[in-house]
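Colleague: What follows is a single structure, and I will ask about it in a moment.
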Amino acid sequence: MSTSPSSSAQAVRVALAARLGELMRDAGLKGGELSARCGWHAAKTSRILHARVAPSDSDIRAWCQACGADGQADDLIASNRAADSLYVEWRRITRAGLRQVQQARVPLYSRTSLFRAYSSRVVPGALQTREYAGALLRTVADVRRTPDDVADAVEARLARSRVVFEGGRRFVAVIEESVLRYRIGDEAVMAGQLGHLLQVMSMPSVSLGIIPFTAGRTMWPAETFNLFDDGQVGVELLSAQVTVTAPSDLALYVQAFSRFTGLAVHGTAARALITAAIDTLG
């Protein structure tokens, strides 16, 4: 397996090589000794250590076994597999427009049973109205200077969202109270969006929690992220889309989501926060 030309992917390969080198040194081994234990030529060990080639899954397992660190293998393999998609700049993803960004996620949505979404900035995509999605995506297109396909992108987002509510899937969302107050679109758009949240809260497949401004924080507001079952996290940065698959990192996001859920109010208390936000619209 050759190294990727992507600088981001190569950075992950370099980090992986460094971790493998640490395991080797912690085990008190030199390159030749590790090569002998793994049953390959010393040149291969050198190429892996210098990130000139990316190791295969079996290479990583053999390396960890040789170092007495079998428990590290799964994390290292997950990082290695996802290197080419761990960090992808939005300018690459959106260079042909926003519609394909929405459509590209449909296979992931189709194979997910439990969606967990945390947002401190905007209403999660699956809960957005047509008008709110349109206002948001127009802003995204303007900031990122993408081709103008907002109308098609909105339809693609709505189609993708429908997948979430089909086939017995469950959608659990936790948002900061600030999301209710940030003006995306005009007052009519926000009133419609907030009213929609009140409606979807009654759906048996949806759980919506809201973290009040007054909550005693045991977890600081974080970047928006989405958990797809227990296998993948999507993190939305201003400049890039980050995919997390390493088990230890997944566990961290699951823990963070649990903390956010504990801070949130649900049911009547959540409805009261939404109603209060509607009242400020005049």
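In the structure tokens, each chain is lettered A, B, ... as it comes, each chain's residues begin at 1, and ligands are numbered from 1 in order of appearance.
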Write out as a list in words the residues lying within 9 Å of Asp152 in chain A, counting only C-alpha atoms and excluding same-chain residues fewer than 5 positions away.
Modeller: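 Final neighbour list, sorted by chain and number: Leu98, Arg99 and Arg157 of chain A.
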Colleague: Taking a cut-off of 12 Å and counting only C-alpha atoms, can you build a table that, for each residue of range 106-150 of chain A near range 260-269 of chain A, reports the nearest atom pair and how far apart they are in Å (one decimal), sorted by chain then residue number, as CSV?
Modeller:
```
residue,atom,partner,partner_atom,distance
A:Arg116,CA,A:Thr261,CA,10.3
A:Ala117,CA,A:Phe260,CA,10.4
A:Tyr118,CA,A:Phe260,CA,8.0
A:Ser119,CA,A:Phe260,CA,10.1
A:Ser120,CA,A:Phe260,CA,10.7
```
Colleague: Write a file of the selected residues as a PDB file, in the first residue's frame, keeping C-alpha atoms.
Modeller:
```pdb
ATOM      1  CA  ARG A 116     -26.888  10.949  17.819  1.00  0.00           C
ATOM      2  CA  ALA A 117     -26.324  14.611  17.036  1.00  0.00           C
ATOM      3  CA  TYR A 118     -24.867  17.401  19.148  1.00  0.00           C
ATOM      4  CA  SER A 119     -24.932  20.989  17.946  1.00  0.00           C
ATOM      5  CA  SER A 120     -23.993  24.291  19.516  1.00  0.00           C
TER       6      SER A 120
END
```
Colleague: Restricting the calculation to only C-alpha atoms, which member of A:Arg169, A:Arg111, A:Arg259, A:Arg47 is positioned closest to Ile211 in chain A?
Modeller: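 The closest residue to Ile211 in chain A is A:Arg259.
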Colleague: Take CA of Gly168 in chain A and CA of Gln199 in chain A and report the distance between them in Å, one decimal.
Modeller: 18.6 Å
Colleague: Excluding same-chain residues fewer than 4 positions from Leu180 in chain A, what lies within 10 Å of it counting only C-alpha atoms, as a list in words?
Modeller: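 Near neighbours after the sequence-gap exclusion: Ser120, Arg121, Val122, Val123, Ile175, Glu176, Ile184, Met190, Ala191, Gln193, Leu194, Leu197, Ile210, Leu273, Ile274, Thr275, Ala276, Ala277 and Ile278 of chain A.
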Colleague: Residues at most 12 Å from Ser35 in chain A, counting only C-alpha atoms, excluding those fewer than 3 positions away in the same chain, as a ChimeraX atom specification?
Modeller: /A:24,29-32,38-49,59,62-67
Colleague: With only C-alpha atoms as the basis for distance, which of A:Arg81, A:Gln72, A:Asp148, A:Asp249 is at the shortest distance from Asp57 in chain A?
Modeller: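 Of A:Arg81, A:Gln72, A:Asp148, A:Asp249, the one nearest Asp57 in chain A is A:Arg81, counting only C-alpha atoms.
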Colleague: Write out as a PDB file with N, CA, C and O atoms, in the first residue's frame which residues come within 12 Å of Val254 in chain A when counting only C-alpha atoms, dropping same-chain ones fewer than 6 positions away.
Modeller:
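Result written to around-v4.pdb:
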```
ATOM      1  N   PHE A 115     -28.884   7.448  15.323  1.00  0.00           N
ATOM      2  CA  PHE A 115     -28.213   8.709  15.058  1.00  0.00           C
ATOM      3  C   PHE A 115     -28.175   9.512  16.358  1.00  0.00           C
ATOM      4  O   PHE A 115     -29.189   9.646  17.044  1.00  0.00           O
ATOM      5  N   ARG A 116     -27.007  10.039  16.688  1.00  0.00           N
ATOM      6  CA  ARG A 116     -26.888  10.949  17.819  1.00  0.00           C
ATOM      7  C   ARG A 116     -26.201  12.210  17.323  1.00  0.00           C
ATOM      8  O   ARG A 116     -25.127  12.138  16.726  1.00  0.00           O
ATOM      9  N   ALA A 117     -26.842  13.347  17.548  1.00  0.00           N
ATOM     10  CA  ALA A 117     -26.324  14.611  17.036  1.00  0.00           C
ATOM     11  C   ALA A 117     -26.204  15.620  18.166  1.00  0.00           C
ATOM     12  O   ALA A 117     -27.134  15.786  18.967  1.00  0.00           O
ATOM     13  N   TYR A 118     -25.064  16.290  18.219  1.00  0.00           N
ATOM     14  CA  TYR A 118     -24.867  17.401  19.148  1.00  0.00           C
ATOM     15  C   TYR A 118     -24.556  18.644  18.329  1.00  0.00           C
ATOM     16  O   TYR A 118     -23.732  18.597  17.401  1.00  0.00           O
ATOM     17  N   PHE A 225     -21.036  17.602  16.207  1.00  0.00           N
ATOM     18  CA  PHE A 225     -20.630  16.262  15.774  1.00  0.00           C
ATOM     19  C   PHE A 225     -21.838  15.340  15.714  1.00  0.00           C
ATOM     20  O   PHE A 225     -22.855  15.560  16.374  1.00  0.00           O
ATOM     21  N   ASN A 226     -21.706  14.312  14.885  1.00  0.00           N
ATOM     22  CA  ASN A 226     -22.759  13.324  14.695  1.00  0.00           C
ATOM     23  C   ASN A 226     -22.193  11.928  14.887  1.00  0.00           C
ATOM     24  O   ASN A 226     -21.157  11.586  14.304  1.00  0.00           O
ATOM     25  N   LEU A 227     -22.869  11.128  15.701  1.00  0.00           N
ATOM     26  CA  LEU A 227     -22.493   9.740  15.934  1.00  0.00           C
ATOM     27  C   LEU A 227     -23.389   8.838  15.096  1.00  0.00           C
ATOM     28  O   LEU A 227     -24.622   8.930  15.173  1.00  0.00           O
ATOM     29  N   PHE A 228     -22.778   7.984  14.298  1.00  0.00           N
ATOM     30  CA  PHE A 228     -23.512   7.036  13.470  1.00  0.00           C
ATOM     31  C   PHE A 228     -23.333   5.650  14.073  1.00  0.00           C
ATOM     32  O   PHE A 228     -22.267   5.036  13.942  1.00  0.00           O
ATOM     33  N   ASP A 229     -24.394   5.159  14.769  1.00  0.00           N
ATOM     34  CA  ASP A 229     -24.282   3.938  15.561  1.00  0.00           C
ATOM     35  C   ASP A 229     -23.054   4.067  16.460  1.00  0.00           C
ATOM     36  O   ASP A 229     -22.814   5.124  17.039  1.00  0.00           O
ATOM     37  N   ASP A 230     -22.271   3.009  16.568  1.00  0.00           N
ATOM     38  CA  ASP A 230     -21.059   3.072  17.382  1.00  0.00           C
ATOM     39  C   ASP A 230     -19.802   2.959  16.527  1.00  0.00           C
ATOM     40  O   ASP A 230     -18.721   2.680  17.050  1.00  0.00           O
ATOM     41  N   GLY A 231     -19.961   3.200  15.202  1.00  0.00           N
ATOM     42  CA  GLY A 231     -18.837   2.951  14.311  1.00  0.00           C
ATOM     43  C   GLY A 231     -18.149   4.160  13.730  1.00  0.00           C
ATOM     44  O   GLY A 231     -17.041   4.047  13.201  1.00  0.00           O
ATOM     45  N   GLN A 232     -18.772   5.346  13.816  1.00  0.00           N
ATOM     46  CA  GLN A 232     -18.183   6.508  13.142  1.00  0.00           C
ATOM     47  C   GLN A 232     -18.732   7.795  13.744  1.00  0.00           C
ATOM     48  O   GLN A 232     -19.901   7.883  14.113  1.00  0.00           O
ATOM     49  N   VAL A 233     -17.864   8.801  13.811  1.00  0.00           N
ATOM     50  CA  VAL A 233     -18.267  10.147  14.210  1.00  0.00           C
ATOM     51  C   VAL A 233     -17.895  11.111  13.094  1.00  0.00           C
ATOM     52  O   VAL A 233     -16.790  11.040  12.549  1.00  0.00           O
ATOM     53  N   VAL A 244     -14.051  10.325  12.437  1.00  0.00           N
ATOM     54  CA  VAL A 244     -13.381   9.640  13.542  1.00  0.00           C
ATOM     55  C   VAL A 244     -13.853   8.193  13.578  1.00  0.00           C
ATOM     56  O   VAL A 244     -15.051   7.928  13.633  1.00  0.00           O
ATOM     57  N   THR A 245     -12.909   7.251  13.556  1.00  0.00           N
ATOM     58  CA  THR A 245     -13.256   5.833  13.611  1.00  0.00           C
ATOM     59  C   THR A 245     -12.447   5.059  14.635  1.00  0.00           C
ATOM     60  O   THR A 245     -12.791   3.927  14.956  1.00  0.00           O
ATOM     61  N   PRO A 247     -11.381   3.416  17.860  1.00  0.00           N
ATOM     62  CA  PRO A 247     -12.234   3.070  19.008  1.00  0.00           C
ATOM     63  C   PRO A 247     -12.061   3.976  20.220  1.00  0.00           C
ATOM     64  O   PRO A 247     -13.043   4.357  20.858  1.00  0.00           O
ATOM     65  N   SER A 248     -10.833   4.335  20.565  1.00  0.00           N
ATOM     66  CA  SER A 248     -10.624   5.177  21.744  1.00  0.00           C
ATOM     67  C   SER A 248     -11.197   6.570  21.535  1.00  0.00           C
ATOM     68  O   SER A 248     -11.754   7.174  22.464  1.00  0.00           O
ATOM     69  N   PHE A 260     -23.417  15.683  27.599  1.00  0.00           N
ATOM     70  CA  PHE A 260     -24.337  16.692  27.067  1.00  0.00           C
ATOM     71  C   PHE A 260     -25.790  16.310  27.347  1.00  0.00           C
ATOM     72  O   PHE A 260     -26.617  17.152  27.709  1.00  0.00           O
ATOM     73  N   THR A 261     -26.097  15.022  27.187  1.00  0.00           N
ATOM     74  CA  THR A 261     -27.460  14.550  27.450  1.00  0.00           C
ATOM     75  C   THR A 261     -27.838  14.796  28.909  1.00  0.00           C
ATOM     76  O   THR A 261     -28.973  15.182  29.220  1.00  0.00           O
TER      77      THR A 261
END
```
Colleague: Skip Gln103 in chain A itself and residues of its chain fewer than 4 positions away, then list as a list in words all residues within 9 Å of it, counting only C-alpha atoms.
Modeller: Arg99, Pro107, Ala153, Ala156, Arg157, Ala159 and Arg160 of chain A
Colleague: Please, could you write that set of residues out with N, CA, C and O atoms as a compact mmCIF listing (two decimals), in the first residue's frame?
Modeller:
```
# COMPACT_ATOMS: atom_id res chain seq x y z
N ARG A 99 -25.00 20.15 -3.44
CA ARG A 99 -25.94 19.03 -3.60
C ARG A 99 -25.25 17.69 -3.40
O ARG A 99 -25.74 16.82 -2.67
N PRO A 107 -25.64 6.80 1.71
CA PRO A 107 -25.30 5.42 2.07
C PRO A 107 -25.00 5.25 3.56
O PRO A 107 -25.42 4.27 4.17
N ALA A 153 -29.52 21.49 -3.51
CA ALA A 153 -28.91 21.01 -2.28
C ALA A 153 -29.95 20.88 -1.17
O ALA A 153 -29.91 19.93 -0.38
N ALA A 156 -31.91 17.78 -1.77
CA ALA A 156 -31.09 16.61 -1.43
C ALA A 156 -30.98 16.44 0.07
O ALA A 156 -31.00 15.32 0.58
N ARG A 157 -30.88 17.55 0.81
CA ARG A 157 -30.82 17.47 2.27
C ARG A 157 -32.13 16.93 2.84
O ARG A 157 -32.12 16.08 3.74
N ALA A 159 -34.28 15.01 1.31
CA ALA A 159 -34.37 13.59 0.95
C ALA A 159 -33.49 12.76 1.86
O ALA A 159 -33.88 11.66 2.30
N ARG A 160 -32.31 13.25 2.16
CA ARG A 160 -31.41 12.54 3.07
C ARG A 160 -32.01 12.46 4.46
O ARG A 160 -31.92 11.42 5.14
```
Colleague: Give me, please, the distance in Å between CA of Gln255 in chain A and CA of Leu136 in chain A, quoted to one decimal.
Modeller: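 Separating CA of Gln255 in chain A from CA of Leu136 in chain A is a distance of 29.1 Å.
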Colleague: Among range 35-212 of chain A, which ones does DSSP assign to strand (DSSP E or B) (computed from the backbone)? Answer as JSON, numbers by chain.
Modeller: {"A": [53, 87, 88, 89, 114, 115, 116, 117, 118, 119, 170, 171, 172, 173, 174, 175, 176, 206, 207, 208, 209, 210, 211]}
Colleague: Using N, CA and C atoms, can you write the selected residues to a file as a PDB file, in the first residue's frame?
Modeller:
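Generated file (again_5.pdb):
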```pdb
ATOM      1  N   VAL A  53       5.768   3.701   3.310  1.00  0.00           N
ATOM      2  CA  VAL A  53       4.635   2.862   2.919  1.00  0.00           C
ATOM      3  C   VAL A  53       3.695   2.774   4.112  1.00  0.00           C
ATOM      4  N   TYR A  87      -9.613  13.728   7.463  1.00  0.00           N
ATOM      5  CA  TYR A  87      -9.677  15.186   7.445  1.00  0.00           C
ATOM      6  C   TYR A  87      -9.768  15.626   5.989  1.00  0.00           C
ATOM      7  N   VAL A  88     -10.931  16.108   5.614  1.00  0.00           N
ATOM      8  CA  VAL A  88     -11.127  16.529   4.230  1.00  0.00           C
ATOM      9  C   VAL A  88     -11.599  17.979   4.226  1.00  0.00           C
ATOM     10  N   GLU A  89     -10.861  18.851   3.564  1.00  0.00           N
ATOM     11  CA  GLU A  89     -11.209  20.266   3.541  1.00  0.00           C
ATOM     12  C   GLU A  89     -12.515  20.484   2.789  1.00  0.00           C
ATOM     13  N   LEU A 114     -28.982   4.103  14.744  1.00  0.00           N
ATOM     14  CA  LEU A 114     -29.070   5.094  15.812  1.00  0.00           C
ATOM     15  C   LEU A 114     -28.224   6.303  15.445  1.00  0.00           C
ATOM     16  N   PHE A 115     -28.884   7.448  15.323  1.00  0.00           N
ATOM     17  CA  PHE A 115     -28.213   8.709  15.058  1.00  0.00           C
ATOM     18  C   PHE A 115     -28.175   9.512  16.358  1.00  0.00           C
ATOM     19  N   ARG A 116     -27.007  10.039  16.688  1.00  0.00           N
ATOM     20  CA  ARG A 116     -26.888  10.949  17.819  1.00  0.00           C
ATOM     21  C   ARG A 116     -26.201  12.210  17.323  1.00  0.00           C
ATOM     22  N   ALA A 117     -26.842  13.347  17.548  1.00  0.00           N
ATOM     23  CA  ALA A 117     -26.324  14.611  17.036  1.00  0.00           C
ATOM     24  C   ALA A 117     -26.204  15.620  18.166  1.00  0.00           C
ATOM     25  N   TYR A 118     -25.064  16.290  18.219  1.00  0.00           N
ATOM     26  CA  TYR A 118     -24.867  17.401  19.148  1.00  0.00           C
ATOM     27  C   TYR A 118     -24.556  18.644  18.329  1.00  0.00           C
ATOM     28  N   SER A 119     -25.207  19.753  18.668  1.00  0.00           N
ATOM     29  CA  SER A 119     -24.932  20.989  17.946  1.00  0.00           C
ATOM     30  C   SER A 119     -24.997  22.181  18.888  1.00  0.00           C
ATOM     31  N   ARG A 170     -33.660   5.545  14.982  1.00  0.00           N
ATOM     32  CA  ARG A 170     -33.878   6.461  16.107  1.00  0.00           C
ATOM     33  C   ARG A 170     -32.919   7.636  15.993  1.00  0.00           C
ATOM     34  N   PHE A 171     -33.444   8.834  16.273  1.00  0.00           N
ATOM     35  CA  PHE A 171     -32.653  10.058  16.178  1.00  0.00           C
ATOM     36  C   PHE A 171     -32.673  10.751  17.532  1.00  0.00           C
ATOM     37  N   VAL A 172     -31.488  10.888  18.125  1.00  0.00           N
ATOM     38  CA  VAL A 172     -31.337  11.532  19.432  1.00  0.00           C
ATOM     39  C   VAL A 172     -30.479  12.774  19.237  1.00  0.00           C
ATOM     40  N   ALA A 173     -31.039  13.927  19.554  1.00  0.00           N
ATOM     41  CA  ALA A 173     -30.317  15.183  19.350  1.00  0.00           C
ATOM     42  C   ALA A 173     -30.225  15.954  20.655  1.00  0.00           C
ATOM     43  N   VAL A 174     -29.078  16.585  20.863  1.00  0.00           N
ATOM     44  CA  VAL A 174     -28.879  17.508  21.974  1.00  0.00           C
ATOM     45  C   VAL A 174     -28.327  18.800  21.389  1.00  0.00           C
ATOM     46  N   ILE A 175     -28.997  19.902  21.678  1.00  0.00           N
ATOM     47  CA  ILE A 175     -28.554  21.194  21.159  1.00  0.00           C
ATOM     48  C   ILE A 175     -28.401  22.178  22.314  1.00  0.00           C
ATOM     49  N   GLU A 176     -27.552  23.161  22.114  1.00  0.00           N
ATOM     50  CA  GLU A 176     -27.427  24.243  23.078  1.00  0.00           C
ATOM     51  C   GLU A 176     -28.605  25.203  22.897  1.00  0.00           C
ATOM     52  N   VAL A 206     -37.877  10.196  17.888  1.00  0.00           N
ATOM     53  CA  VAL A 206     -37.031  11.379  18.075  1.00  0.00           C
ATOM     54  C   VAL A 206     -36.932  11.739  19.551  1.00  0.00           C
ATOM     55  N   SER A 207     -35.719  12.030  19.991  1.00  0.00           N
ATOM     56  CA  SER A 207     -35.487  12.586  21.323  1.00  0.00           C
ATOM     57  C   SER A 207     -34.707  13.880  21.153  1.00  0.00           C
ATOM     58  N   LEU A 208     -35.266  14.974  21.661  1.00  0.00           N
ATOM     59  CA  LEU A 208     -34.601  16.269  21.551  1.00  0.00           C
ATOM     60  C   LEU A 208     -34.353  16.830  22.942  1.00  0.00           C
ATOM     61  N   GLY A 209     -33.082  17.027  23.261  1.00  0.00           N
ATOM     62  CA  GLY A 209     -32.696  17.649  24.515  1.00  0.00           C
ATOM     63  C   GLY A 209     -32.074  19.005  24.254  1.00  0.00           C
ATOM     64  N   ILE A 210     -32.322  19.947  25.149  1.00  0.00           N
ATOM     65  CA  ILE A 210     -31.786  21.299  25.004  1.00  0.00           C
ATOM     66  C   ILE A 210     -31.016  21.656  26.265  1.00  0.00           C
ATOM     67  N   ILE A 211     -29.774  22.088  26.103  1.00  0.00           N
ATOM     68  CA  ILE A 211     -28.955  22.485  27.244  1.00  0.00           C
ATOM     69  C   ILE A 211     -29.198  23.967  27.527  1.00  0.00           C
TER      70      ILE A 211
END
```
Colleague: Under the rule that only C-alpha atoms are counted, which of A:Gln102, A:Thr146, A:Thr280, A:Thr243 is the nearest residue to Arg183 in chain A?
Modeller: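 Among the listed residues, the smallest separation from Arg183 in chain A belongs to A:Thr280.
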Colleague: Check the DSSP output for the backbone and give back, as a count of residues only, the residues of range 102-137 of chain A in helix (DSSP H, G or I).
Modeller: 19
Colleague: Given only C-alpha atoms as the basis, pick out the residue of A:Ala54, A:Ala133, A:Ala78, A:Ala69 nearest to Asp26 in chain A.
Modeller: A:Ala69
Colleague: Hey, can you check how far CA of Gly134 in chain A sits from CA of Leu237 in chain A?
Modeller: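 Going from CA of Gly134 in chain A over to CA of Leu237 in chain A, I get 20.1 Å.
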Colleague: Would you please work out which residue, of A:Val163, A:Ile60, A:Val242, A:Val200, is nearest to Thr112 in chain A when using only C-alpha atoms?
Modeller: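 The answer is A:Val163, which sits nearest to Thr112 in chain A.
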Colleague: Fewer than 5 positions away in the same chain doesn't count, so skip those; otherwise give me all residues within 10 Å of Asp186 in chain A, counting only C-alpha atoms, as a ChimeraX atom specification.
Modeller: /A:131-132,135,191,281
Colleague: For C-alpha atoms, I'd like the residues from the last selection saved as an mmCIF file, in the first residue's frame.
Modeller:
```
data_model
loop_
_atom_site.group_PDB
_atom_site.id
_atom_site.type_symbol
_atom_site.label_atom_id
_atom_site.label_comp_id
_atom_site.auth_asym_id
_atom_site.auth_seq_id
_atom_site.Cartn_x
_atom_site.Cartn_y
_atom_site.Cartn_z
ATOM 1 C CA GLU A 131 -36.788 27.320 4.611
ATOM 2 C CA TYR A 132 -34.203 27.044 7.382
ATOM 3 C CA ALA A 135 -31.182 30.058 4.440
ATOM 4 C CA ALA A 191 -40.583 30.838 13.743
ATOM 5 C CA LEU A 281 -39.415 36.844 17.492
#
```
